[in-house]
Amino acid sequence: MHKNRRNMGNFWPVAKKGTKYVAKSSHNNINSIPLIVLLRDVCGLVKNARELKKVLNERQIKVSGKEIRDTNYPVSLFDVVTAGDKIFKITLGRNKKFKLEDVKDEGTKIVKIRGKKDLGKKGIQFNLMDGKNVLSKEKANVGDSVIYDYNKGKITKIVNMNKGSEGFVIKGKHTGVKGKITEIIEQGGKKIAVISDDKEKINVWIKNVIAM
């Protein structure tokens, strides 16, 4: 499963020049990078697809708690990848490209709430940014974030999109900026988060921010 190199995501930390074709994620192709590209071309943990298949068969690779068998499995923002004794989280740099952050905890993932539905006695169904739907009794609004324990299969914490929370910009010209949300204002019919870090104060459409 491949696509033209010119069509790979701009967020891939991979050289634009090279072979004509690159691997394509088996699903969620728009917002992800294939596991083979991540582990071979970005991390250098495997040399080729054959070597990756071997470690997959040995059950050495997990993505956010799930044992992977697919070399083209999609890896998305804030996924936690376990490769042998190495654990890292996918995040974004200010160059708008995925980068890897070493972590010790492989049990949780932060995800933004994109929608919700009240199912009565069953609780609230939260539609998360990574495509997962989760039932919970927790109270949260669209735009808030959840800490999801994928080993237990439940939400363990709500992070509200409020003044005082930490905000991380995931899209737009300020991608990768992280700081305190000092204010949330209405501007041109949109909600805008005012985020301050050590260097600057910026205004960002709340849709492009995740509360952390």
# chains A, B, ... in the order shown; residues from 1 in each chain; ligands from 1

call {"tool": "residues_around", "arguments": {"residues": "Gly115 in chain A", "least_positions_apart": "2", "cutoff": "6 Å", "atoms": "only C-alpha atoms", "output": "number ranges by chain"}}
result
A: 113, 126-127, 142

call {"tool": "residues_around", "arguments": {"residues": "Asn133 in chain A", "least_positions_apart": "2", "cutoff": "12 Å", "atoms": "only C-alpha atoms", "output": "PyMOL selection string"}}
result
chain A and resi 111-117+124-131+135-136+146+148+153-155

call {"tool": "write_last_selection", "arguments": {"atoms": "C-alpha atoms", "output": "PDB file, in the first residue's frame"}}
result
ATOM      1  CA  VAL A 111      -7.170  13.196  23.371  1.00  0.00           C
ATOM      2  CA  LYS A 112      -9.410  16.138  22.488  1.00  0.00           C
ATOM      3  CA  ILE A 113     -13.208  15.762  22.553  1.00  0.00           C
ATOM      4  CA  ARG A 114     -14.722  16.516  19.135  1.00  0.00           C
ATOM      5  CA  GLY A 115     -18.318  15.593  19.892  1.00  0.00           C
ATOM      6  CA  LYS A 116     -20.569  14.030  22.501  1.00  0.00           C
ATOM      7  CA  LYS A 117     -23.958  12.372  22.781  1.00  0.00           C
ATOM      8  CA  ILE A 124     -22.161  10.164  27.704  1.00  0.00           C
ATOM      9  CA  GLN A 125     -20.573   8.978  24.476  1.00  0.00           C
ATOM     10  CA  PHE A 126     -17.521  11.111  23.754  1.00  0.00           C
ATOM     11  CA  ASN A 127     -16.248  11.241  20.175  1.00  0.00           C
ATOM     12  CA  LEU A 128     -12.497  11.731  20.410  1.00  0.00           C
ATOM     13  CA  MET A 129     -10.000  13.333  18.054  1.00  0.00           C
ATOM     14  CA  ASP A 130      -8.333   9.997  17.270  1.00  0.00           C
ATOM     15  CA  GLY A 131     -11.615   8.463  16.062  1.00  0.00           C
ATOM     16  CA  LEU A 135     -18.695   5.900  27.123  1.00  0.00           C
ATOM     17  CA  SER A 136     -18.258   7.698  30.435  1.00  0.00           C
ATOM     18  CA  VAL A 146      -9.532  13.527  28.284  1.00  0.00           C
ATOM     19  CA  TYR A 148      -7.643   7.989  28.363  1.00  0.00           C
ATOM     20  CA  GLY A 153     -10.323   1.229  28.502  1.00  0.00           C
ATOM     21  CA  LYS A 154     -11.677   4.262  30.330  1.00  0.00           C
ATOM     22  CA  ILE A 155     -11.310   7.997  30.870  1.00  0.00           C
TER      23      ILE A 155
END

call {"tool": "select_by_dssp", "arguments": {"residues": "range 16-134 of chain A", "states": "alpha helix (DSSP H)", "output": "ChimeraX atom specification"}}
result
/A:35-36,49-57

call {"tool": "closest_residue", "arguments": {"among": "A:Thr91, A:Asn31, A:Ser196, A:Ser64", "to": "Lys163 in chain A", "atoms": "only C-alpha atoms"}}
result
A:Ser196

call {"tool": "closest_residue", "arguments": {"among": "A:Lys122, A:Glu200, A:Asn208, A:Val159", "to": "Ala140 in chain A", "atoms": "only C-alpha atoms"}}
result
A:Val159

call {"tool": "residues_around", "arguments": {"residues": "Trp205 in chain A", "least_positions_apart": "5", "cutoff": "9 Å", "atoms": "only C-alpha atoms", "output": "PDB file with N, CA and C atoms, in the first residue's frame"}}
result
ATOM      1  N   LYS A 190     -15.864  33.382  16.518  1.00  0.00           N
ATOM      2  CA  LYS A 190     -15.088  32.217  16.950  1.00  0.00           C
ATOM      3  C   LYS A 190     -14.589  32.405  18.374  1.00  0.00           C
ATOM      4  N   LYS A 191     -14.365  31.295  19.066  1.00  0.00           N
ATOM      5  CA  LYS A 191     -13.728  31.342  20.373  1.00  0.00           C
ATOM      6  C   LYS A 191     -12.223  31.289  20.176  1.00  0.00           C
ATOM      7  N   ILE A 192     -11.540  32.228  20.791  1.00  0.00           N
ATOM      8  CA  ILE A 192     -10.093  32.354  20.648  1.00  0.00           C
ATOM      9  C   ILE A 192      -9.420  32.156  22.010  1.00  0.00           C
ATOM     10  N   ALA A 193      -8.398  31.309  22.028  1.00  0.00           N
ATOM     11  CA  ALA A 193      -7.601  31.122  23.246  1.00  0.00           C
ATOM     12  C   ALA A 193      -6.380  32.028  23.180  1.00  0.00           C
ATOM     13  N   VAL A 194      -6.180  32.806  24.236  1.00  0.00           N
ATOM     14  CA  VAL A 194      -4.976  33.626  24.359  1.00  0.00           C
ATOM     15  C   VAL A 194      -3.962  32.803  25.148  1.00  0.00           C
TER      16      VAL A 194
END

call {"tool": "residues_around", "arguments": {"residues": "Leu45 in chain A", "least_positions_apart": "5", "cutoff": "10 Å", "atoms": "only C-alpha atoms", "output": "list in words"}}
result
Ile36, Leu38, Leu39, Arg40, Glu51, Leu52, Ala83, Gly84 and Lys86 of chain A

call {"tool": "write_last_selection", "arguments": {"atoms": "N, CA and C atoms", "output": "compact mmCIF listing (two decimals), in the first residue's frame"}}
result
# COMPACT_ATOMS: atom_id res chain seq x y z
N ILE A 36 5.78 1.73 9.46
CA ILE A 36 7.03 1.41 8.78
C ILE A 36 7.87 2.66 8.53
N LEU A 38 7.69 5.50 10.28
CA LEU A 38 8.12 6.01 11.58
C LEU A 38 9.32 5.24 12.12
N LEU A 39 9.23 3.92 12.14
CA LEU A 39 10.29 3.11 12.77
C LEU A 39 11.53 2.94 11.90
N ARG A 40 11.36 3.01 10.57
CA ARG A 40 12.50 2.86 9.67
C ARG A 40 13.15 4.20 9.34
N GLU A 51 12.33 -6.68 8.41
CA GLU A 51 12.77 -6.62 9.81
C GLU A 51 11.63 -6.18 10.72
N LEU A 52 10.81 -5.24 10.22
CA LEU A 52 9.67 -4.79 11.02
C LEU A 52 8.68 -5.93 11.22
N ALA A 83 8.33 0.18 21.50
CA ALA A 83 9.13 -0.65 20.60
C ALA A 83 10.23 -1.29 21.42
N GLY A 84 9.99 -2.53 21.86
CA GLY A 84 10.94 -3.17 22.76
C GLY A 84 10.97 -2.45 24.09
N LYS A 86 11.92 0.72 24.36
CA LYS A 86 11.84 2.14 24.07
C LYS A 86 10.37 2.58 24.01

call {"tool": "closest_residue", "arguments": {"among": "A:Lys109, A:His27, A:Arg59, A:Lys66", "to": "Ile158 in chain A", "atoms": "only C-alpha atoms"}}
result
A:Lys109

call {"tool": "closest_residue", "arguments": {"among": "A:Leu100, A:Asn29, A:Phe78, A:Glu67", "to": "Val42 in chain A", "atoms": "only C-alpha atoms"}}
result
A:Leu100

call {"tool": "select_by_dssp", "arguments": {"residues": "range 47-135 of chain A", "states": "strand (DSSP E)", "output": "number ranges by chain"}}
result
A: 61-63, 66-67, 74-76, 80-83, 86-92, 98-102, 108-118, 124-128, 133-135

call {"tool": "write_last_selection", "arguments": {"atoms": "C-alpha atoms", "output": "PDB file, in the first residue's frame"}}
result
ATOM      1  CA  ILE A  61       5.469  -3.227  19.038  1.00  0.00           C
ATOM      2  CA  LYS A  62       2.462  -1.495  20.601  1.00  0.00           C
ATOM      3  CA  VAL A  63       0.688   1.720  19.645  1.00  0.00           C
ATOM      4  CA  LYS A  66      -2.513  -2.156  21.126  1.00  0.00           C
ATOM      5  CA  GLU A  67      -0.246  -4.922  19.819  1.00  0.00           C
ATOM      6  CA  PRO A  74      -1.377   4.544  11.288  1.00  0.00           C
ATOM      7  CA  VAL A  75       0.409   6.386  14.093  1.00  0.00           C
ATOM      8  CA  SER A  76      -1.196   9.712  15.003  1.00  0.00           C
ATOM      9  CA  VAL A  80       2.381   6.327  22.559  1.00  0.00           C
ATOM     10  CA  VAL A  81       4.603   3.839  20.746  1.00  0.00           C
ATOM     11  CA  THR A  82       6.324   0.977  22.561  1.00  0.00           C
ATOM     12  CA  ALA A  83       9.127  -0.645  20.595  1.00  0.00           C
ATOM     13  CA  LYS A  86      11.837   2.141  24.071  1.00  0.00           C
ATOM     14  CA  ILE A  87       8.679   4.178  24.732  1.00  0.00           C
ATOM     15  CA  PHE A  88       7.947   7.488  23.038  1.00  0.00           C
ATOM     16  CA  LYS A  89       5.016   9.808  22.400  1.00  0.00           C
ATOM     17  CA  ILE A  90       4.224  11.473  19.086  1.00  0.00           C
ATOM     18  CA  THR A  91       4.002  15.244  19.441  1.00  0.00           C
ATOM     19  CA  LEU A  92       4.515  18.314  17.230  1.00  0.00           C
ATOM     20  CA  PHE A  98       5.865  15.130  14.180  1.00  0.00           C
ATOM     21  CA  LYS A  99       8.600  14.666  16.737  1.00  0.00           C
ATOM     22  CA  LEU A 100       9.255  11.956  19.310  1.00  0.00           C
ATOM     23  CA  GLU A 101       9.276  12.531  23.046  1.00  0.00           C
ATOM     24  CA  ASP A 102      10.620   9.828  25.332  1.00  0.00           C
ATOM     25  CA  THR A 108      -2.386   6.804  28.942  1.00  0.00           C
ATOM     26  CA  LYS A 109      -3.006   9.176  26.067  1.00  0.00           C
ATOM     27  CA  ILE A 110      -4.422  12.702  25.954  1.00  0.00           C
ATOM     28  CA  VAL A 111      -7.170  13.196  23.371  1.00  0.00           C
ATOM     29  CA  LYS A 112      -9.410  16.138  22.488  1.00  0.00           C
ATOM     30  CA  ILE A 113     -13.208  15.762  22.553  1.00  0.00           C
ATOM     31  CA  ARG A 114     -14.722  16.516  19.135  1.00  0.00           C
ATOM     32  CA  GLY A 115     -18.318  15.593  19.892  1.00  0.00           C
ATOM     33  CA  LYS A 116     -20.569  14.030  22.501  1.00  0.00           C
ATOM     34  CA  LYS A 117     -23.958  12.372  22.781  1.00  0.00           C
ATOM     35  CA  ASP A 118     -26.102  11.786  25.859  1.00  0.00           C
ATOM     36  CA  ILE A 124     -22.161  10.164  27.704  1.00  0.00           C
ATOM     37  CA  GLN A 125     -20.573   8.978  24.476  1.00  0.00           C
ATOM     38  CA  PHE A 126     -17.521  11.111  23.754  1.00  0.00           C
ATOM     39  CA  ASN A 127     -16.248  11.241  20.175  1.00  0.00           C
ATOM     40  CA  LEU A 128     -12.497  11.731  20.410  1.00  0.00           C
ATOM     41  CA  ASN A 133     -15.813   6.668  20.856  1.00  0.00           C
ATOM     42  CA  VAL A 134     -15.831   6.254  24.640  1.00  0.00           C
ATOM     43  CA  LEU A 135     -18.695   5.900  27.123  1.00  0.00           C
TER      44      LEU A 135
END

call {"tool": "atom_distance", "arguments": {"atom1": "CA of Gly93 in chain A", "atom2": "CA of Asp70 in chain A"}}
result
26.8 Å

call {"tool": "closest_residue", "arguments": {"among": "A:Glu58, A:Gly9, A:Ala211, A:Lys139", "to": "Ile30 in chain A", "atoms": "only C-alpha atoms"}}
result
A:Gly9

call {"tool": "closest_residue", "arguments": {"among": "A:Thr175, A:Asn48, A:Met8, A:His2", "to": "Tyr21 in chain A", "atoms": "only C-alpha atoms"}}
result
A:His2

call {"tool": "residues_around", "arguments": {"residues": "Gly179 in chain A", "least_positions_apart": "3", "cutoff": "7 Å", "atoms": "only C-alpha atoms", "output": "VMD selection string"}}
result
chain A and resid 166 to 168 195 to 197

call {"tool": "decode", "arguments": {"residues": "range 97-127 of chain A", "atoms": "N, CA and C atoms", "output": "compact mmCIF listing (two decimals), in the first residue's frame"}}
result
# COMPACT_ATOMS: atom_id res chain seq x y z
N LYS A 97 6.06 19.57 12.25
CA LYS A 97 6.30 18.16 11.95
C LYS A 97 6.26 17.32 13.23
N PHE A 98 5.85 16.05 13.05
CA PHE A 98 5.87 15.13 14.18
C PHE A 98 7.27 15.06 14.77
N LYS A 99 7.34 14.95 16.08
CA LYS A 99 8.60 14.67 16.74
C LYS A 99 8.34 13.67 17.85
N LEU A 100 9.39 13.02 18.33
CA LEU A 100 9.25 11.96 19.31
C LEU A 100 9.73 12.44 20.67
N GLU A 101 8.94 12.13 21.67
CA GLU A 101 9.28 12.53 23.05
C GLU A 101 9.33 11.28 23.91
N ASP A 102 10.48 11.00 24.47
CA ASP A 102 10.62 9.83 25.33
C ASP A 102 9.72 9.96 26.56
N VAL A 103 9.02 8.89 26.90
CA VAL A 103 8.16 8.88 28.08
C VAL A 103 8.37 7.59 28.85
N LYS A 104 7.96 7.59 30.11
CA LYS A 104 8.07 6.40 30.94
C LYS A 104 6.74 5.66 31.04
N ASP A 105 5.64 6.43 30.95
CA ASP A 105 4.31 5.86 31.12
C ASP A 105 3.72 5.48 29.78
N GLU A 106 3.43 4.21 29.60
CA GLU A 106 2.85 3.76 28.33
C GLU A 106 1.37 3.46 28.46
N GLY A 107 0.74 3.94 29.53
CA GLY A 107 -0.64 3.54 29.79
C GLY A 107 -1.72 4.54 29.43
N THR A 108 -1.36 5.81 29.19
CA THR A 108 -2.39 6.80 28.94
C THR A 108 -2.08 7.66 27.72
N LYS A 109 -3.12 8.30 27.23
CA LYS A 109 -3.01 9.18 26.07
C LYS A 109 -3.97 10.35 26.24
N ILE A 110 -3.53 11.55 25.90
CA ILE A 110 -4.42 12.70 25.95
C ILE A 110 -5.09 12.87 24.59
N VAL A 111 -6.40 13.08 24.61
CA VAL A 111 -7.17 13.20 23.37
C VAL A 111 -8.22 14.29 23.52
N LYS A 112 -8.42 15.07 22.47
CA LYS A 112 -9.41 16.14 22.49
C LYS A 112 -10.79 15.59 22.15
N ILE A 113 -11.82 16.14 22.82
CA ILE A 113 -13.21 15.76 22.55
C ILE A 113 -13.73 16.56 21.36
N ARG A 114 -14.18 15.86 20.33
CA ARG A 114 -14.72 16.52 19.14
C ARG A 114 -16.24 16.51 19.09
N GLY A 115 -16.86 15.65 19.87
CA GLY A 115 -18.32 15.59 19.89
C GLY A 115 -18.77 14.74 21.07
N LYS A 116 -20.05 14.86 21.42
CA LYS A 116 -20.57 14.03 22.50
C LYS A 116 -22.06 13.81 22.31
N LYS A 117 -22.55 12.72 22.90
CA LYS A 117 -23.96 12.37 22.78
C LYS A 117 -24.43 11.77 24.09
N ASP A 118 -25.53 12.29 24.61
CA ASP A 118 -26.10 11.79 25.86
C ASP A 118 -26.90 10.52 25.57
N LEU A 119 -26.48 9.41 26.16
CA LEU A 119 -27.15 8.12 25.96
C LEU A 119 -27.97 7.71 27.18
N GLY A 120 -28.37 8.70 27.97
CA GLY A 120 -29.22 8.45 29.13
C GLY A 120 -28.50 7.71 30.24
N LYS A 121 -29.08 6.61 30.67
CA LYS A 121 -28.50 5.85 31.79
C LYS A 121 -27.14 5.26 31.46
N LYS A 122 -26.87 5.07 30.17
CA LYS A 122 -25.58 4.50 29.77
C LYS A 122 -24.43 5.49 29.98
N GLY A 123 -24.77 6.78 30.03
CA GLY A 123 -23.74 7.80 30.21
C GLY A 123 -23.60 8.67 28.96
N ILE A 124 -22.45 9.29 28.83
CA ILE A 124 -22.16 10.16 27.70
C ILE A 124 -21.20 9.45 26.75
N GLN A 125 -21.52 9.48 25.46
CA GLN A 125 -20.57 8.98 24.48
C GLN A 125 -19.74 10.14 23.97
N PHE A 126 -18.43 10.08 24.22
CA PHE A 126 -17.52 11.11 23.75
C PHE A 126 -16.87 10.65 22.45
N ASN A 127 -16.92 11.50 21.45
CA ASN A 127 -16.25 11.24 20.18
C ASN A 127 -14.90 11.96 20.22
